[in-house]
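Dumped entry.cif below, it's mmCIF, C-alpha atoms:
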data_data
#
loop_
_atom_site.label_atom_id
_atom_site.label_comp_id
_atom_site.auth_asym_id
_atom_site.auth_seq_id
_atom_site.Cartn_x
_atom_site.Cartn_y
_atom_site.Cartn_z
CA MET A 22 8.59 0.73 -63.39
CA PRO A 23 8.93 -1.74 -60.58
CA SER A 24 9.11 -5.32 -61.80
CA VAL A 25 6.27 -6.13 -59.41
CA PHE A 26 3.78 -5.05 -62.12
CA LEU A 27 5.13 -7.68 -64.45
CA PHE A 28 3.46 -10.28 -62.21
CA LEU A 29 0.14 -8.92 -63.46
CA GLN A 30 0.92 -9.96 -67.02
CA ASP A 31 1.74 -13.57 -66.29
CA GLN A 32 -0.51 -14.35 -63.34
CA ASN A 33 -4.02 -13.81 -62.12
CA PHE A 34 -3.93 -11.19 -59.37
CA ALA A 35 -6.35 -13.20 -57.23
CA ASN A 36 -3.94 -16.16 -57.24
CA LEU A 37 -1.05 -14.13 -55.80
CA SER A 38 -0.27 -14.22 -52.10
CA PRO A 39 -1.92 -11.49 -49.99
CA ALA A 40 1.51 -10.05 -49.15
CA LEU A 41 2.42 -9.76 -52.84
CA GLN A 42 -1.01 -8.28 -53.65
CA LYS A 43 -0.46 -5.65 -50.96
CA GLU A 44 3.04 -4.90 -52.28
CA ILE A 45 1.77 -4.51 -55.86
CA TYR A 46 -1.07 -2.21 -54.79
CA GLY A 47 1.32 -0.20 -52.56
CA GLU A 48 3.70 0.37 -55.49
CA TYR A 49 0.80 1.33 -57.73
CA TYR A 50 -0.55 3.75 -55.10
CA ARG A 51 2.82 5.43 -54.51
CA MET A 52 3.50 5.71 -58.23
CA PHE A 53 0.23 7.32 -59.29
CA TYR A 54 -1.02 9.20 -56.21
CA PRO A 55 0.96 12.43 -56.89
CA MET A 56 -0.11 12.61 -60.54
CA ILE A 57 -3.80 12.02 -59.80
CA PHE A 58 -3.85 14.28 -56.75
CA TYR A 59 -2.30 17.10 -58.81
CA MET A 60 -5.21 16.80 -61.23
CA VAL A 61 -8.15 16.38 -58.82
CA LYS A 62 -6.80 18.11 -55.67
CA ASN A 63 -8.77 15.85 -53.32
CA HIS A 64 -7.35 12.98 -51.28
CA SER A 65 -10.44 10.74 -51.14
CA THR A 66 -11.22 11.26 -54.83
CA THR A 67 -7.60 10.43 -55.66
CA GLU A 68 -7.88 7.18 -53.72
CA ASP A 69 -11.14 6.31 -55.49
CA ILE A 70 -9.54 6.90 -58.89
CA ILE A 71 -6.50 4.83 -57.90
CA GLN A 72 -8.73 1.94 -56.87
CA GLU A 73 -10.88 2.15 -60.01
CA SER A 74 -7.88 2.32 -62.32
CA PHE A 75 -6.11 -0.50 -60.43
CA LEU A 76 -9.13 -2.75 -60.91
CA LYS A 77 -9.13 -1.94 -64.63
CA VAL A 78 -5.44 -2.78 -64.80
CA ILE A 79 -5.65 -6.12 -62.99
CA TYR A 80 -8.76 -7.29 -64.87
CA HIS A 81 -7.82 -6.10 -68.36
CA MET A 82 -4.01 -6.40 -68.49
CA PRO A 83 -3.10 -7.26 -72.09
CA GLN A 84 -0.18 -9.48 -72.98
CA ILE A 85 2.44 -6.88 -73.89
CA ASP A 86 6.10 -7.57 -74.60
CA GLY A 87 8.39 -5.27 -72.66
CA SER A 88 8.06 -3.35 -69.44
CA ASP A 89 8.09 0.03 -71.24
CA LYS A 90 4.94 -0.84 -73.16
CA THR A 91 3.33 -2.19 -70.00
CA LYS A 92 4.20 1.00 -68.16
CA ALA A 93 2.77 3.13 -70.97
CA TRP A 94 -0.44 1.08 -71.01
CA ILE A 95 -0.90 1.39 -67.22
CA ARG A 96 -0.22 5.15 -67.34
CA THR A 97 -2.82 5.48 -70.10
CA VAL A 98 -5.40 3.61 -68.03
CA VAL A 99 -4.70 5.87 -65.02
CA LYS A 100 -4.81 9.04 -67.13
CA ASN A 101 -8.03 8.05 -68.87
CA THR A 102 -9.73 7.06 -65.61
CA THR A 103 -8.78 10.44 -64.12
CA LEU A 104 -9.90 12.37 -67.19
CA ASN A 105 -13.20 10.47 -67.28
CA TYR A 106 -13.81 11.45 -63.67
CA LEU A 107 -13.01 15.10 -64.44
CA ARG A 108 -15.32 15.09 -67.47
CA LYS A 109 -18.18 13.82 -65.32
CA LEU A 110 -17.64 16.66 -62.88
CA LYS A 111 -16.92 19.40 -65.40
CA LYS A 112 -19.99 21.43 -64.51
CA GLU A 113 -19.13 21.29 -60.81
CA ARG A 114 -15.45 22.05 -61.48
CA ASP A 115 -16.40 25.22 -63.31
CA ASN A 116 -18.33 26.41 -60.25
CA ILE A 117 -15.73 25.68 -57.56
CA ASP A 118 -15.37 28.39 -54.94
CA LEU A 119 -11.96 29.68 -53.92
CA GLU A 120 -11.84 27.80 -50.59
CA SER A 121 -12.32 24.42 -52.25
CA VAL A 122 -9.21 24.88 -54.38
CA PHE A 123 -7.03 24.44 -51.31
CA TYR A 124 -7.27 20.99 -49.79
CA ASP A 125 -7.83 20.55 -46.10
CA GLU A 126 -4.84 18.80 -44.55
CA SER A 127 -7.10 17.19 -41.95
CA GLU A 128 -8.49 15.04 -44.79
CA PHE A 129 -5.30 13.00 -44.80
CA ALA A 130 -5.13 9.84 -42.77
CA THR A 131 -2.21 9.52 -40.42
CA GLY A 132 -0.97 6.15 -41.66
CA SER A 133 2.75 5.95 -42.37
CA GLU A 134 2.20 5.23 -46.08
CA THR A 135 -0.07 8.25 -46.44
CA VAL A 136 2.29 10.52 -44.51
CA SER A 137 5.27 9.41 -46.60
CA GLY A 138 3.23 9.89 -49.78
CA GLU A 139 2.28 13.38 -48.62
CA ILE A 140 5.92 14.20 -47.88
CA GLU A 141 7.01 12.90 -51.28
CA LEU A 142 4.27 14.96 -52.94
CA LYS A 143 5.38 18.12 -51.12
CA GLU A 144 9.00 17.46 -52.11
CA LEU A 145 7.96 16.94 -55.73
CA ILE A 146 5.90 20.14 -55.74
CA GLY A 147 8.85 22.02 -54.24
CA ALA A 148 11.21 20.60 -56.86
CA VAL A 149 8.85 21.57 -59.68
CA GLU A 150 8.44 25.09 -58.29
CA ARG A 151 12.23 25.50 -58.08
CA CYS A 152 12.54 24.29 -61.66
CA LEU A 153 9.86 26.73 -62.82
CA LYS A 154 11.95 29.63 -61.56
CA ASP A 155 14.84 28.51 -63.76
CA LEU A 156 12.77 27.97 -66.92
CA LYS A 157 12.68 30.28 -69.89
CA PRO A 158 10.01 32.95 -69.35
CA ALA A 159 8.00 31.65 -72.33
CA TYR A 160 7.89 28.12 -70.85
CA ARG A 161 7.02 29.43 -67.40
CA ALA A 162 4.18 31.55 -68.81
CA LEU A 163 2.68 28.62 -70.70
CA ILE A 164 2.85 26.34 -67.66
CA GLU A 165 1.16 28.93 -65.51
CA LEU A 166 -1.60 29.45 -68.08
CA ARG A 167 -2.19 25.72 -68.46
CA TRP A 168 -1.94 24.42 -64.88
CA LYS A 169 -2.44 27.36 -62.59
CA ARG A 170 -5.14 29.17 -64.57
CA GLU A 171 -6.36 25.87 -66.10
CA LEU A 172 -6.84 27.27 -69.58
CA SER A 173 -7.38 24.93 -72.52
CA TYR A 174 -4.88 24.79 -75.36
CA LYS A 175 -7.30 26.78 -77.50
CA GLU A 176 -7.72 29.48 -74.83
CA ILE A 177 -3.94 29.74 -74.42
CA ALA A 178 -3.47 29.97 -78.18
CA ASP A 179 -6.10 32.71 -78.39
CA GLU A 180 -4.54 34.65 -75.51
CA LEU A 181 -1.04 34.41 -76.97
CA ASN A 182 -2.18 34.86 -80.57
CA THR A 183 -0.63 31.60 -81.76
CA THR A 184 -1.76 28.11 -82.81
CA GLU A 185 -2.88 25.23 -80.59
CA HIS A 186 -0.17 23.08 -82.15
CA LYS A 187 2.51 25.58 -81.14
CA VAL A 188 1.11 25.71 -77.59
CA LYS A 189 1.13 21.89 -77.27
CA TYR A 190 4.63 21.66 -78.71
CA THR A 191 6.04 24.35 -76.44
CA LEU A 192 4.32 22.92 -73.34
CA ASN A 193 5.81 19.53 -74.14
CA ARG A 194 9.26 21.09 -74.35
CA ALA A 195 8.65 22.89 -71.03
CA ARG A 196 7.65 19.63 -69.34
CA ASP A 197 10.74 17.93 -70.74
CA ALA A 198 12.92 20.76 -69.41
CA ILE A 199 11.38 20.36 -65.95
CA LYS A 200 11.86 16.58 -66.01
CA LYS A 201 15.50 16.92 -67.04
CA ARG A 202 16.11 19.50 -64.32
CA ILE A 203 14.49 17.34 -61.62
CA ILE A 204 16.51 14.31 -62.71
CA LYS A 205 19.70 16.39 -62.76
CA ASP A 206 18.97 17.84 -59.30
CA GLY A 207 18.21 14.33 -58.00
CA ARG A 208 21.54 13.02 -59.25
CA GLU A 209 23.46 15.97 -57.80
CA SER A 210 21.88 15.53 -54.37
CA LYS A 211 23.00 11.89 -54.09
#
Give the structure from the file, written as structure tokens.
Amino acid sequence: MPSVFLFLQDQNFANLSPALQKEIYGEYYRMFYPMIFYMVKNHSTTEDIIQESFLKVIYHMPQIDGSDKTKAWIRTVVKNTTLNYLRKLKKERDNIDLESVFYDESEFATGSETVSGEIELKELIGAVERCLKDLKPAYRALIELRWKRELSYKEIADELNTTEHKVKYTLNRARDAIKKRIIKDGRESK
């Protein structure tokens, strides 16, 4: 995590210089945009969630020792804010038509930060898709059931005739395998 977030622990965000505030928000935006966008698949909603979670972070930052714990706390705030949004829209999400699943590229602003974020997101999606091809078939099947078909752990367990615990455990291993592969590919390309 960039050390810029550590300023939030020791200082009031409002007392920081406007340039530093912009830098902190920019880092936050770039760090969490891909994750949130993957979950909500809408640019403007993603930005709303980023802003809401950022406000929660700057107003409720606890005094935590260590950047790893701070990073985990911020990720939890972002994840919970996103999940709360999705829970509120669950009824609408269940009734989404096929066209709304694919985002309209004209929604994106043409600012350089947005364009670079979009490029990074496309590169990340491409890297994940390449990694999926190299995964064990069992891992690949679980990932497709969970994220492409959006089945719950219980639905996956029922479909595969196994337990929810086994599904969660195996999905976690699949995610770890993808992370390791992306990190390995990143190191090899340097």
Choose the residue, out of A:Ile57, A:Ala198, A:Ile140, A:Ile79, that has the smallest atom-to-atom separation from Asn33 of chain A; count only C-alpha atoms.
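Selected residue with least distance to Asn33 of chain A: A:Ile79.
The coordinates place atom CA of Val99 of chain A at 11.0 Å from atom CA of Tyr50 of chain A.
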On this structure, the PyMOL selection byres ((chain A and resi 98) around 12) would catch which residues? List them as number ranges by chain, sorted by chain and number.
A: 53, 57, 70-83, 91-97, 99-105
Where does segment 25-85 of chain A meet segment 161-178 of chain A within 12 Å, residue by residue, with the nearest atom pair and distance in Å to one decimal for each, counting all atoms listed in the file, listed by chain and rising number, as JSON lines?
{"residue": "A:Tyr59", "atom": "CA", "partner": "A:Trp168", "partner_atom": "CA", "distance": 9.5}
{"residue": "A:Met60", "atom": "CA", "partner": "A:Trp168", "partner_atom": "CA", "distance": 9.1}
{"residue": "A:Val61", "atom": "CA", "partner": "A:Trp168", "partner_atom": "CA", "distance": 11.8}
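Atom CA of Leu145 of chain A is found 8.4 Å from atom CA of Pro55 of chain A.
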Across A:Leu142, A:Val188, A:Ala35, A:Ala40, the smallest distance to Ala159 of chain A, with all atoms listed in the file counted, is shown by A:Val188
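Taking atom CA of Arg196 of chain A and atom CA of Leu181 of chain A as endpoints, the distance between them is 18.8 Å.
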So that I can check the surroundings of Cys152 of chain A, please list as a PyMOL selection string every protein, DNA and RNA residue that reaches within 12 Å of it, counting only C-alpha atoms and ignoring chain neighbours fewer than 2 positions away.
chain A and resi 145-150+154-158+160-161+164+195-206
Name the closest residue to Thr67 of chain A among the candidates A:Lys187, A:Ile45, A:Leu107, A:Asn193; distances are taken between atoms, counting only C-alpha atoms.
A:Leu107
With the input short on atoms, add all heavy atoms back to segment 69-80 of chain A and write it as a PDB file, in the coordinates of the input.
ATOM      1  N   ASP A  69     -10.103   6.987 -54.709  1.00  0.00           N
ATOM      2  CA  ASP A  69     -11.140   6.310 -55.490  1.00  0.00           C
ATOM      3  C   ASP A  69     -10.675   6.050 -56.917  1.00  0.00           C
ATOM      4  O   ASP A  69     -10.884   4.967 -57.469  1.00  0.00           O
ATOM      5  CB  ASP A  69     -12.428   7.143 -55.526  1.00  0.00           C
ATOM      6  CG  ASP A  69     -13.143   7.192 -54.193  1.00  0.00           C
ATOM      7  OD1 ASP A  69     -12.832   6.367 -53.307  1.00  0.00           O
ATOM      8  OD2 ASP A  69     -14.013   8.074 -54.022  1.00  0.00           O
ATOM      9  N   ILE A  70     -10.034   7.043 -57.513  1.00  0.00           N
ATOM     10  CA  ILE A  70      -9.540   6.900 -58.890  1.00  0.00           C
ATOM     11  C   ILE A  70      -8.436   5.852 -58.944  1.00  0.00           C
ATOM     12  O   ILE A  70      -8.374   5.047 -59.879  1.00  0.00           O
ATOM     13  CB  ILE A  70      -9.074   8.252 -59.454  1.00  0.00           C
ATOM     14  CG1 ILE A  70     -10.283   9.176 -59.627  1.00  0.00           C
ATOM     15  CG2 ILE A  70      -8.335   8.077 -60.774  1.00  0.00           C
ATOM     16  CD1 ILE A  70      -9.936  10.615 -59.951  1.00  0.00           C
ATOM     17  N   ILE A  71      -7.566   5.839 -57.944  1.00  0.00           N
ATOM     18  CA  ILE A  71      -6.500   4.830 -57.900  1.00  0.00           C
ATOM     19  C   ILE A  71      -7.115   3.440 -57.852  1.00  0.00           C
ATOM     20  O   ILE A  71      -6.701   2.537 -58.587  1.00  0.00           O
ATOM     21  CB  ILE A  71      -5.557   5.068 -56.697  1.00  0.00           C
ATOM     22  CG1 ILE A  71      -4.676   6.286 -56.957  1.00  0.00           C
ATOM     23  CG2 ILE A  71      -4.693   3.833 -56.435  1.00  0.00           C
ATOM     24  CD1 ILE A  71      -3.833   6.703 -55.773  1.00  0.00           C
ATOM     25  N   GLN A  72      -8.102   3.250 -56.979  1.00  0.00           N
ATOM     26  CA  GLN A  72      -8.730   1.940 -56.870  1.00  0.00           C
ATOM     27  C   GLN A  72      -9.428   1.533 -58.168  1.00  0.00           C
ATOM     28  O   GLN A  72      -9.286   0.398 -58.637  1.00  0.00           O
ATOM     29  CB  GLN A  72      -9.731   1.931 -55.717  1.00  0.00           C
ATOM     30  CG  GLN A  72      -9.059   1.989 -54.367  1.00  0.00           C
ATOM     31  CD  GLN A  72     -10.045   2.127 -53.226  1.00  0.00           C
ATOM     32  OE1 GLN A  72     -11.247   2.035 -53.410  1.00  0.00           O
ATOM     33  NE2 GLN A  72      -9.529   2.351 -52.029  1.00  0.00           N
ATOM     34  N   GLU A  73     -10.171   2.460 -58.759  1.00  0.00           N
ATOM     35  CA  GLU A  73     -10.880   2.150 -60.010  1.00  0.00           C
ATOM     36  C   GLU A  73      -9.897   1.797 -61.117  1.00  0.00           C
ATOM     37  O   GLU A  73     -10.083   0.814 -61.843  1.00  0.00           O
ATOM     38  CB  GLU A  73     -11.743   3.341 -60.422  1.00  0.00           C
ATOM     39  CG  GLU A  73     -12.561   3.078 -61.667  1.00  0.00           C
ATOM     40  CD  GLU A  73     -13.407   4.268 -62.092  1.00  0.00           C
ATOM     41  OE1 GLU A  73     -13.631   5.189 -61.286  1.00  0.00           O
ATOM     42  OE2 GLU A  73     -13.840   4.267 -63.257  1.00  0.00           O
ATOM     43  N   SER A  74      -8.840   2.588 -61.253  1.00  0.00           N
ATOM     44  CA  SER A  74      -7.880   2.320 -62.320  1.00  0.00           C
ATOM     45  C   SER A  74      -7.105   1.027 -62.048  1.00  0.00           C
ATOM     46  O   SER A  74      -6.791   0.274 -62.975  1.00  0.00           O
ATOM     47  CB  SER A  74      -6.920   3.491 -62.519  1.00  0.00           C
ATOM     48  OG  SER A  74      -6.140   3.706 -61.368  1.00  0.00           O
ATOM     49  N   PHE A  75      -6.819   0.734 -60.777  1.00  0.00           N
ATOM     50  CA  PHE A  75      -6.110  -0.500 -60.430  1.00  0.00           C
ATOM     51  C   PHE A  75      -6.955  -1.713 -60.811  1.00  0.00           C
ATOM     52  O   PHE A  75      -6.433  -2.683 -61.361  1.00  0.00           O
ATOM     53  CB  PHE A  75      -5.778  -0.524 -58.936  1.00  0.00           C
ATOM     54  CG  PHE A  75      -4.940  -1.707 -58.532  1.00  0.00           C
ATOM     55  CD1 PHE A  75      -3.601  -1.766 -58.864  1.00  0.00           C
ATOM     56  CD2 PHE A  75      -5.497  -2.759 -57.820  1.00  0.00           C
ATOM     57  CE1 PHE A  75      -2.814  -2.851 -58.501  1.00  0.00           C
ATOM     58  CE2 PHE A  75      -4.728  -3.847 -57.448  1.00  0.00           C
ATOM     59  CZ  PHE A  75      -3.385  -3.896 -57.788  1.00  0.00           C
ATOM     60  N   LEU A  76      -8.246  -1.645 -60.535  1.00  0.00           N
ATOM     61  CA  LEU A  76      -9.130  -2.750 -60.910  1.00  0.00           C
ATOM     62  C   LEU A  76      -9.149  -2.932 -62.431  1.00  0.00           C
ATOM     63  O   LEU A  76      -9.132  -4.062 -62.932  1.00  0.00           O
ATOM     64  CB  LEU A  76     -10.541  -2.523 -60.377  1.00  0.00           C
ATOM     65  CG  LEU A  76     -10.690  -2.645 -58.863  1.00  0.00           C
ATOM     66  CD1 LEU A  76     -12.086  -2.223 -58.424  1.00  0.00           C
ATOM     67  CD2 LEU A  76     -10.378  -4.059 -58.394  1.00  0.00           C
ATOM     68  N   LYS A  77      -9.177  -1.844 -63.164  1.00  0.00           N
ATOM     69  CA  LYS A  77      -9.130  -1.940 -64.630  1.00  0.00           C
ATOM     70  C   LYS A  77      -7.833  -2.604 -65.073  1.00  0.00           C
ATOM     71  O   LYS A  77      -7.832  -3.443 -65.984  1.00  0.00           O
ATOM     72  CB  LYS A  77      -9.237  -0.552 -65.266  1.00  0.00           C
ATOM     73  CG  LYS A  77     -10.613   0.057 -65.163  1.00  0.00           C
ATOM     74  CD  LYS A  77     -10.629   1.461 -65.767  1.00  0.00           C
ATOM     75  CE  LYS A  77     -11.985   2.111 -65.618  1.00  0.00           C
ATOM     76  NZ  LYS A  77     -12.002   3.489 -66.148  1.00  0.00           N
ATOM     77  N   VAL A  78      -6.740  -2.229 -64.424  1.00  0.00           N
ATOM     78  CA  VAL A  78      -5.440  -2.780 -64.800  1.00  0.00           C
ATOM     79  C   VAL A  78      -5.381  -4.281 -64.509  1.00  0.00           C
ATOM     80  O   VAL A  78      -4.974  -5.066 -65.369  1.00  0.00           O
ATOM     81  CB  VAL A  78      -4.287  -2.040 -64.070  1.00  0.00           C
ATOM     82  CG1 VAL A  78      -2.983  -2.805 -64.179  1.00  0.00           C
ATOM     83  CG2 VAL A  78      -4.125  -0.639 -64.625  1.00  0.00           C
ATOM     84  N   ILE A  79      -5.804  -4.692 -63.314  1.00  0.00           N
ATOM     85  CA  ILE A  79      -5.650  -6.120 -62.990  1.00  0.00           C
ATOM     86  C   ILE A  79      -6.632  -7.011 -63.751  1.00  0.00           C
ATOM     87  O   ILE A  79      -6.330  -8.169 -63.998  1.00  0.00           O
ATOM     88  CB  ILE A  79      -5.742  -6.398 -61.467  1.00  0.00           C
ATOM     89  CG1 ILE A  79      -7.105  -6.042 -60.907  1.00  0.00           C
ATOM     90  CG2 ILE A  79      -4.618  -5.716 -60.736  1.00  0.00           C
ATOM     91  CD1 ILE A  79      -7.302  -6.475 -59.459  1.00  0.00           C
ATOM     92  N   TYR A  80      -7.793  -6.476 -64.140  1.00  0.00           N
ATOM     93  CA  TYR A  80      -8.760  -7.290 -64.870  1.00  0.00           C
ATOM     94  C   TYR A  80      -8.604  -7.241 -66.371  1.00  0.00           C
ATOM     95  O   TYR A  80      -9.132  -8.094 -67.076  1.00  0.00           O
ATOM     96  CB  TYR A  80     -10.186  -6.898 -64.483  1.00  0.00           C
ATOM     97  CG  TYR A  80     -10.543  -7.317 -63.078  1.00  0.00           C
ATOM     98  CD1 TYR A  80     -10.961  -6.375 -62.150  1.00  0.00           C
ATOM     99  CD2 TYR A  80     -10.429  -8.637 -62.664  1.00  0.00           C
ATOM    100  CE1 TYR A  80     -11.265  -6.741 -60.843  1.00  0.00           C
ATOM    101  CE2 TYR A  80     -10.741  -9.019 -61.372  1.00  0.00           C
ATOM    102  CZ  TYR A  80     -11.159  -8.071 -60.462  1.00  0.00           C
ATOM    103  OH  TYR A  80     -11.462  -8.440 -59.184  1.00  0.00           O
TER     104      TYR A  80
END
